[in-house]
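Structure, as structure tokens:
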Amino acid sequence: MPTIQIKGVSKLFGRIKALEDVNLTIEDGEYLFILGPSGCGKTTLINCITGIVIPTDGDIVIDNVKVNDLPIENREFAMVFQNIALFPHMTVEQNVAYGPFVKDISKEKQTEISNKMLKLVDLLEEKQLLPRFLSGGAQQKTAVARALANDEKLLILDEPISALDHKVRVALRYELRRLIKELGLTAMHITHDQEEAMSIADRIVILRAGKIVEVGTPRELYEKPKTLFTMNFVGEANFLEGRVKQKLPENVYRIEFRNRQYIELTILNGDFETDESIVVAFRPENVAISFEDHLDAISGKIIREQFTGGYIRYEVELATEDKIIVDSRTALDEKQKVFIRIDPQSTRIFTAPEFGLKKVLELE
Amino acid sequence: MTEAYLEIKNLEKRFGKLWALRDVNLQIEQGEYVVILGPTGAGKTTLLKIIAGLIKPTSGEIYKNSNLLNPFPPEKRNLAYLPQTSDYSLFPYMDVWENTIFSPKMKGEKPYDEIRSLCDEILDMVNLRARYNAFPDELSGGMKQRVALARAIAADADIFLFDEPLRALDARLRIKLRTEVKKLVTDLNKTTLHVTHDFEESVSIADRIIIINEGEIIQFDSPKDIYDYPTSLFSAYFFGETNLLAAKRLERKNGTYFVQIKNHVLAVENIRSNNSTKTKKNDKNEVVIAIKADKIHITPQNTIEKETDSYNYFHGVVSHSYYLGKWVNLEVTVEGISRDILVAIPSSELMKYKIGTNVILYVSIDDMECFEEPWSRIRKIEAA
Amino acid sequence: MIPSSYKEKLKKYETRLIVFFSNPTVNILWYGLIILFFLSLILFPTIFVLFYVIKEFSTIQTEIIANEVYRLQIFEALSYSVTVSVIITIIDLIFGLPIAWILVRREFRFKSILNSIIELPLAVPTAGLGFSVALFWGVTPGIAEKPIFALNFIQDALPILVLFHFTTTFPYVVRSLAAILEEIDVTLEIAAKTCGASKFTAARTVSLPLFRSGVATAMILSLAKSLSDTGGVMTLLATIGSLKQTGTTVIGEWKHAYQDWKIEGVPYEDLLNNDLASLLPPDPETLIPSMAFMSALMIFVAIILVFLAKLFAKRAKVPFRKVIPYFEWKISDGAAPKARSILSFGFLVIFVIIPSFFLIIYVFQGIGGVNILTLNDWMIFGQSILFSVFVASVATIANVTVGVPMAIFIARKNNRFSRIMDSLIDIPYVVPSSALGFSVGLFWTSQIFFPANELFFVVMAHISMTFPFIVRNTIGGLSELDTSYEDAARSLGAKPIQTFRNVTLPVVKFSIIAGAIMSFTRSIGETGATLAVSPNSITAPVFIVDLIKNQGNYFFAALTTIILILISSLLIFVLRAKVTRRRRR
């Protein structure tokens, strides 16, 4: 059964460190995502596993076999590509049967396999067509069927749906998860799209500048991220820079923000010292807007509102001069003077970063 | 009624036998931020290029400020078009500064000193003054995007035409930049047309949205109106996450319309007739119901008893659950309905709905959009 | 320092020029003029001979076709040309594919060296190349002191012609195959490998079937080039002392005889008494119809062959039915690929590189021979070089002026007319150069508007011949530049001509210069067309042919070739350096 171990892998291109000491184990039957912004090294990591790139340092171990020097064609995995890479001169059926075909399996068996795979992705009716006559989504489904037809237990997906239309993307990601789980595959999927990763991953690895930032389940990363970067990267968030003014009993802290704004907040994720600089981070949907002042509230005024489907997004300018976003499921009448209350359960407090908040949150 | 700033009348475009655009009529106000939303191949880019003057329409007129634009070549229309390419069509042999001053320099109307101070100001605005002598291939995706904006702003065009301006960026960066783009443009009080295929992008920035499919304008309204009152099956489906269900039409009773899906009888406020010429009138009483995933009320079965005399309740079982951060999408299997119903709930309620939980779904009569369309349209719309 | 008032004036004129050219009427007139120029002065003269043959067919019938001995002569020469070019095309394809493959898809230490040495022979004028190949492979009775390493064993015309044409065409074929292979997405092969295909299987079943257009282009290239070559064939056959003729050399010989008889006043009987007697018709007046007939035949054959090549590339089925995994894995792995690389490399060196430059050894060995050259020799030498450079420069400049707008018309104005132009552009390229030269000469002598000036004819022939290089290269550059740049520029307020100057040209200029370099080197090395237009115009290659064929002065010929190579390479070097220096970063 396939497990992949990545042991201390580094890759240098000239002087540029594309990967730096990456350690990771992918369990059998797991659907793992590698998530990161452009240039974070995720493509290099995949290339090391597939054999397109040979790591400068460290080992890639698949099923307890060290595969560092094996060329692509000798490693055992199936793959789906970002640019789809269907063979343009073959029909959908021939594309899907390509794996069995090059292994010189009998014609009947080839047809049987391709029919089975095409049925899985619901494309039996299109099997005689050339790929260029299919829509983008159907093309990628064909490519998935081609990969699955190889009967490998390990599937690597290299940004398989990033280039498609949004609507198609959403439909396809659920289908991908269904297929992978149904066939009991171990899958490794790379993407820059946090929503895609969150919605279908078992576990997500966040990669930035060649290093692993954090590993966790979607919920862990969204609700209890360990780093500011993750907090910002897996979904929208508000960040308020402040300072611990006073430690009160029962984990309650008095915090000072800009313009001498104070709140009292229960901090559940850590211990902070008086005078320590901190960042208070919370998601737009975890904020309550009220019209009365509280000990844990900051005043502000609504400067913009936009209907965004399931909720209304308010942009609020706080008395601290920070602008934050608040997503509310109900419409507000009063807009001039509001109070923002931060829910301690879903708020994360971080020690202020050494080189400034902006630097830590940078997305590229 | 005020004069529209940009007006398009009876615009049509054919490539050989293929209709790229049909019967397009639009009126856009000065300073509006309008998003054109549609799937690939809907004719979005063609529409933008026709307005820019880069493609000649087969017929129809375009007016800007009541002046007919058709006879003018692109350079005389004073519209800034930003093509859909991964490098934003920044001129590769020019640095940031040369790209920014391109338009005023070509137009040659202003003395160089004036151009220089103007462009310095614009580069400050997009926060790129420090990189003025960098070449496009030395910049990150987001920076390139800002240079392209600076270049368009320097053109001092009346209307911005953005063709998927965020497509080449990472998903998270796209979310961050979309609001920034809008702010920049609306602060300058420019009229903008922004093409995208991403529902979330459209809804978070648009004043009004044009939904376009197969060369036809399906609906042109504010985001809220399109969301709450879709006028056609396509705009109901394409705008947000929507369940499409095949149903049969029943007799009308007491001013309420009724439809049936297997053993469920549902009440709907209205059945929109199909006035599209393309599909044949169906006499099989086939209708399609569209329900937005976040407008379905869900409760665990043990909390309330079903009110037998009301309609639009379903009993079901949670079969899948997908965590999206802010939301959780639940798939609920309902007996008699062939496909699972997608229900969006805030993720704070996640713990109540584990897989296998028996639930009751309720949809208010106002949120049941019903369209007189043959069932075959469902597969057709979803396959596109 | 330019005075600022002058600068301002210049700017004013520039603005006026921009306004002038932006006028739609001027625009249409301008393109009309370009197309007219192409059709009437470049395309039509190259195929004028076909009309002449139809007009004079009764004469041709009675004088040539009716004469059995003479007719056989003509057909023998023609069939020789065809045989050689077909063999060459097949060989080029068989050996070109793997080498192109290695160049594009494989990484190895000598790759960049291989990449640049493969281009080297392109700088050698074929007249000199013919001599060089003959020196290396052939038995050379006229040369007393044979260079060391000379193989000195081939005596027959056919094998050495094949070897020679292989040397001239192979670099072109490999380069064009490699360029097209580069465009086939590598991920397709990677995808095939992840499906369990070996390297060989992936290449055979995925990339090769997608390669049809490349195969067609390469075949046409080697057909056209091997049918065309005149100077090289002349020096090659003269050096091994063979009297064989090909279609193109026959035209050259006839033209020469005609010139001697008509202009120089040499009695025709004298001409009939030398080696070539059997080639010449009994009546000197038949010479012109003979040349016309032969040219028409050559053009006809060339077009048929090109058509067949296209058909072959379109229809040929690549063996795809079955995979033999064991065998294909075997040749994909381990020692096999390495052996293949080394083999290809060695092959290239022995059959292309060494023969191309073999005459350098010869010149070094006989360097003392410089002393016997007289001042007069050097005078003629200098004149011929200057003349060549002059003709090539004029032709190149004229072609850039007309060819670039033509390319824009074809690549950017997407209408029916531009598509027709697109298919007509390549005709001068496919027409064998002697036939082209003769046709151009015939056209210009039979018109009444221009005085008969042979220099002018030669230039026009060179313009026709090299026109496709500029246009094709520029179209290539234009199609790589996404039109969205131009769209953006236009909508930002740039007029079409400003868009071209500021946006398109900076990108396309490299392609234009590459085209100009090709056009210039082709023109400088050309023999057949020049001979067929006017044998008295002594360009450098004509001078080399004359030295070898008529004077037996092999040493001087080799020396001239080397100097010509140096001039071409110097020019290429300067142009390239200038371009890359301007290219920032």
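Residue numbering restarts at 1 for every chain of the structure tokens, chains are lettered A, B, ... in their displayed order, and ligands are numbered from 1 as they appear.
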
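For Ala154 (chain B), the list of residues within 8 Å, based on only C-alpha atoms and with local chain neighbours fewer than 3 positions off taken out, reads Thr100, Ile101, Ser103, Pro104, Leu118, Cys119, Ile122, Ala150, Arg151 and Ala157 of chain B.
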
If you keep N, CA and C atoms, can you produce a file of those selected residues as a PDB file, in the first residue's frame?
```pdb
ATOM      1  N   THR B 100       3.816  53.022 -18.329  1.00  0.00           N
ATOM      2  CA  THR B 100       2.832  53.943 -17.754  1.00  0.00           C
ATOM      3  C   THR B 100       2.628  55.176 -18.632  1.00  0.00           C
ATOM      4  N   ILE B 101       3.722  55.694 -19.179  1.00  0.00           N
ATOM      5  CA  ILE B 101       3.563  56.931 -19.962  1.00  0.00           C
ATOM      6  C   ILE B 101       3.179  56.637 -21.417  1.00  0.00           C
ATOM      7  N   SER B 103       0.478  55.769 -23.100  1.00  0.00           N
ATOM      8  CA  SER B 103      -0.696  56.370 -23.712  1.00  0.00           C
ATOM      9  C   SER B 103      -0.569  57.888 -23.924  1.00  0.00           C
ATOM     10  N   PRO B 104      -0.260  58.652 -22.865  1.00  0.00           N
ATOM     11  CA  PRO B 104      -0.123  60.098 -23.107  1.00  0.00           C
ATOM     12  C   PRO B 104       0.976  60.418 -24.115  1.00  0.00           C
ATOM     13  N   LEU B 118       2.106  63.699 -13.864  1.00  0.00           N
ATOM     14  CA  LEU B 118       0.880  62.905 -13.806  1.00  0.00           C
ATOM     15  C   LEU B 118       1.202  61.438 -13.525  1.00  0.00           C
ATOM     16  N   CYS B 119       2.165  60.919 -14.297  1.00  0.00           N
ATOM     17  CA  CYS B 119       2.457  59.499 -14.169  1.00  0.00           C
ATOM     18  C   CYS B 119       3.155  59.171 -12.848  1.00  0.00           C
ATOM     19  N   ILE B 122       0.369  58.737 -10.539  1.00  0.00           N
ATOM     20  CA  ILE B 122      -0.349  57.465 -10.732  1.00  0.00           C
ATOM     21  C   ILE B 122       0.454  56.301 -10.156  1.00  0.00           C
ATOM     22  N   ALA B 150      -2.135  51.142 -13.793  1.00  0.00           N
ATOM     23  CA  ALA B 150      -1.524  52.467 -13.903  1.00  0.00           C
ATOM     24  C   ALA B 150      -1.527  52.925 -15.358  1.00  0.00           C
ATOM     25  N   ARG B 151      -1.200  52.012 -16.239  1.00  0.00           N
ATOM     26  CA  ARG B 151      -1.144  52.350 -17.663  1.00  0.00           C
ATOM     27  C   ARG B 151      -2.522  52.781 -18.157  1.00  0.00           C
ATOM     28  N   ALA B 157      -8.794  57.447 -19.864  1.00  0.00           N
ATOM     29  CA  ALA B 157      -9.901  57.004 -20.696  1.00  0.00           C
ATOM     30  C   ALA B 157     -11.224  57.247 -19.990  1.00  0.00           C
TER      31      ALA B 157
END
```

Sort by chain and increasing residue number a table of all residues of chain C within 7 Å of chain A, each with its closest pair of atoms and their distance in Å to one decimal, counting only C-alpha atoms, and write it as a tab-separated table.
```
residue	atom	partner	partner_atom	distance
C:Thr187	CA	A:Ala85	CA	6.2
C:Leu188	CA	A:Ala85	CA	5.2
C:Ala191	CA	A:Ala85	CA	6.8
C:Lys193	CA	A:Glu73	CA	4.7
C:Thr194	CA	A:Ala78	CA	5.7
C:Cys195	CA	A:Gly99	CA	4.6
C:Gly196	CA	A:Glu73	CA	5.9
C:Ala197	CA	A:Val102	CA	5.6
C:Ser198	CA	A:Glu73	CA	6.1
C:Val206	CA	A:Phe87	CA	6.7
C:Val323	CA	A:Val102	CA	5.6
C:Ile324	CA	A:Asp104	CA	6.6
C:Pro325	CA	A:Lys103	CA	6.0
```

Where does chain A meet chain B within 8 Å, residue by residue, with the nearest atom pair and distance in Å to one decimal for each, counting only C-alpha atoms, listed by chain and rising number, as CSV?
```
residue,atom,partner,partner_atom,distance
A:Pro37,CA,B:Asp170,CA,6.3
A:Ser38,CA,B:Asp170,CA,6.7
A:Ser135,CA,B:Ala384,CA,6.9
A:Asp165,CA,B:His197,CA,6.2
A:His166,CA,B:Asp198,CA,5.2
A:Lys167,CA,B:Asp198,CA,7.3
A:His192,CA,B:Asp170,CA,5.8
A:Asp193,CA,B:Ala171,CA,4.9
A:Gln194,CA,B:Arg172,CA,6.9
A:Glu195,CA,B:Leu324,CA,6.3
A:Met198,CA,B:Leu324,CA,5.6
A:Ser199,CA,B:Leu324,CA,5.0
A:Ile200,CA,B:Tyr322,CA,6.5
A:Pro218,CA,B:Tyr323,CA,7.2
A:Arg219,CA,B:Gly325,CA,7.0
A:Tyr222,CA,B:Gly325,CA,5.9
A:Glu223,CA,B:Gly325,CA,7.8
A:Phe233,CA,B:Arg172,CA,6.6
A:Val234,CA,B:Arg172,CA,7.7
A:Gly235,CA,B:Gly325,CA,7.2
A:Glu285,CA,B:Lys326,CA,6.9
A:Gln306,CA,B:Ser204,CA,6.6
A:Phe307,CA,B:Lys224,CA,6.3
A:Thr308,CA,B:Val203,CA,5.1
A:Gly309,CA,B:Tyr227,CA,6.7
A:Gly310,CA,B:Asp294,CA,6.1
A:Leu363,CA,B:Leu173,CA,6.4
A:Glu364,CA,B:Ser140,CA,7.1
```

Please write the residues from the selection above to a file, keeping C-alpha atoms, as a PDB file, in the first residue's frame.
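Writing the result to again22.pdb gives the following:
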```pdb
ATOM      1  CA  PRO A  37       1.130  30.906  -3.383  1.00  0.00           C
ATOM      2  CA  SER A  38       2.930  31.023  -6.762  1.00  0.00           C
ATOM      3  CA  SER A 135     -15.561  21.323 -22.957  1.00  0.00           C
ATOM      4  CA  ASP A 165     -14.152  28.163 -15.207  1.00  0.00           C
ATOM      5  CA  HIS A 166     -15.195  28.783 -11.618  1.00  0.00           C
ATOM      6  CA  LYS A 167     -18.482  26.925 -11.885  1.00  0.00           C
ATOM      7  CA  HIS A 192      -2.951  27.725  -4.991  1.00  0.00           C
ATOM      8  CA  ASP A 193      -6.688  27.828  -4.348  1.00  0.00           C
ATOM      9  CA  GLN A 194      -7.386  27.657  -0.632  1.00  0.00           C
ATOM     10  CA  GLU A 195     -11.095  27.104  -1.138  1.00  0.00           C
ATOM     11  CA  MET A 198     -10.347  23.303   2.189  1.00  0.00           C
ATOM     12  CA  SER A 199     -13.403  21.791   0.610  1.00  0.00           C
ATOM     13  CA  ILE A 200     -12.035  18.354  -0.251  1.00  0.00           C
ATOM     14  CA  PRO A 218      -8.962  22.171   6.875  1.00  0.00           C
ATOM     15  CA  ARG A 219     -10.784  22.965  10.115  1.00  0.00           C
ATOM     16  CA  TYR A 222      -9.123  27.767   9.288  1.00  0.00           C
ATOM     17  CA  GLU A 223     -10.232  27.897  12.874  1.00  0.00           C
ATOM     18  CA  PHE A 233      -3.908  32.568   3.536  1.00  0.00           C
ATOM     19  CA  VAL A 234      -6.684  30.030   4.057  1.00  0.00           C
ATOM     20  CA  GLY A 235      -9.398  32.660   4.229  1.00  0.00           C
ATOM     21  CA  GLU A 285     -17.985  36.134   9.937  1.00  0.00           C
ATOM     22  CA  GLN A 306     -21.924  45.128  -0.550  1.00  0.00           C
ATOM     23  CA  PHE A 307     -24.384  42.297  -1.023  1.00  0.00           C
ATOM     24  CA  THR A 308     -22.356  39.178  -1.733  1.00  0.00           C
ATOM     25  CA  GLY A 309     -24.798  36.341  -2.038  1.00  0.00           C
ATOM     26  CA  GLY A 310     -25.338  34.538   1.259  1.00  0.00           C
ATOM     27  CA  LEU A 363       0.812  36.689  -0.564  1.00  0.00           C
ATOM     28  CA  GLU A 364       3.523  36.719  -3.228  1.00  0.00           C
TER      29      GLU A 364
END
```

Per-residue nearest contacts of chain C to chain B (8 Å; only C-alpha atoms) as JSON lines:
```
{"residue": "C:Ser484", "atom": "CA", "partner": "B:Pro83", "partner_atom": "CA", "distance": 5.9}
{"residue": "C:Tyr485", "atom": "CA", "partner": "B:Ser89", "partner_atom": "CA", "distance": 5.0}
{"residue": "C:Asp487", "atom": "CA", "partner": "B:Leu54", "partner_atom": "CA", "distance": 6.7}
{"residue": "C:Ala488", "atom": "CA", "partner": "B:Tyr81", "partner_atom": "CA", "distance": 5.9}
{"residue": "C:Ala489", "atom": "CA", "partner": "B:Ser103", "partner_atom": "CA", "distance": 7.7}
{"residue": "C:Arg490", "atom": "CA", "partner": "B:Glu75", "partner_atom": "CA", "distance": 5.1}
{"residue": "C:Ser491", "atom": "CA", "partner": "B:Pro74", "partner_atom": "CA", "distance": 5.0}
{"residue": "C:Leu492", "atom": "CA", "partner": "B:Ser103", "partner_atom": "CA", "distance": 5.2}
{"residue": "C:Gly493", "atom": "CA", "partner": "B:Glu75", "partner_atom": "CA", "distance": 4.0}
{"residue": "C:Ala494", "atom": "CA", "partner": "B:Met106", "partner_atom": "CA", "distance": 5.3}
{"residue": "C:Lys495", "atom": "CA", "partner": "B:Glu75", "partner_atom": "CA", "distance": 6.1}
{"residue": "C:Gln498", "atom": "CA", "partner": "B:Met106", "partner_atom": "CA", "distance": 7.2}
{"residue": "C:Val503", "atom": "CA", "partner": "B:Phe91", "partner_atom": "CA", "distance": 6.6}
{"residue": "C:Pro506", "atom": "CA", "partner": "B:Tyr93", "partner_atom": "CA", "distance": 6.9}
{"residue": "C:Val507", "atom": "CA", "partner": "B:Tyr93", "partner_atom": "CA", "distance": 7.6}
{"residue": "C:Arg584", "atom": "CA", "partner": "B:Tyr93", "partner_atom": "CA", "distance": 7.6}
```

Shell around Glu119 (chain C) at 9 Å using only C-alpha atoms, local window under 5 positions removed, as an MDAnalysis selection string: chainID C and resid 114 171:172 175

Which of region 72-269 of chain A DSSP labels helix (DSSP H, G or I), written as a ChimeraX atom specification: /A:72-74,92-96,98-102,107-120,124-126,131-133,136-148,166-182,194-200,218-223,228-233,258-260

Leu455 (chain C) surroundings by only C-alpha atoms, 9 Å radius, close-in-sequence under 5 positions cut, as a list of chain:residue names: C:Val391, C:Met460, C:Ser534, C:Ser537

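As for CA of Ala246 (chain B) and CA of Phe220 (chain B), they are spaced 26.0 Å apart.
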
Contacts of Asp327 (chain A) within 10 Å, only C-alpha atoms, excl. fewer than 2 positions in-chain, as a ChimeraX atom specification: /A:283-289,305-308,310-315,325,329-330 /B:326
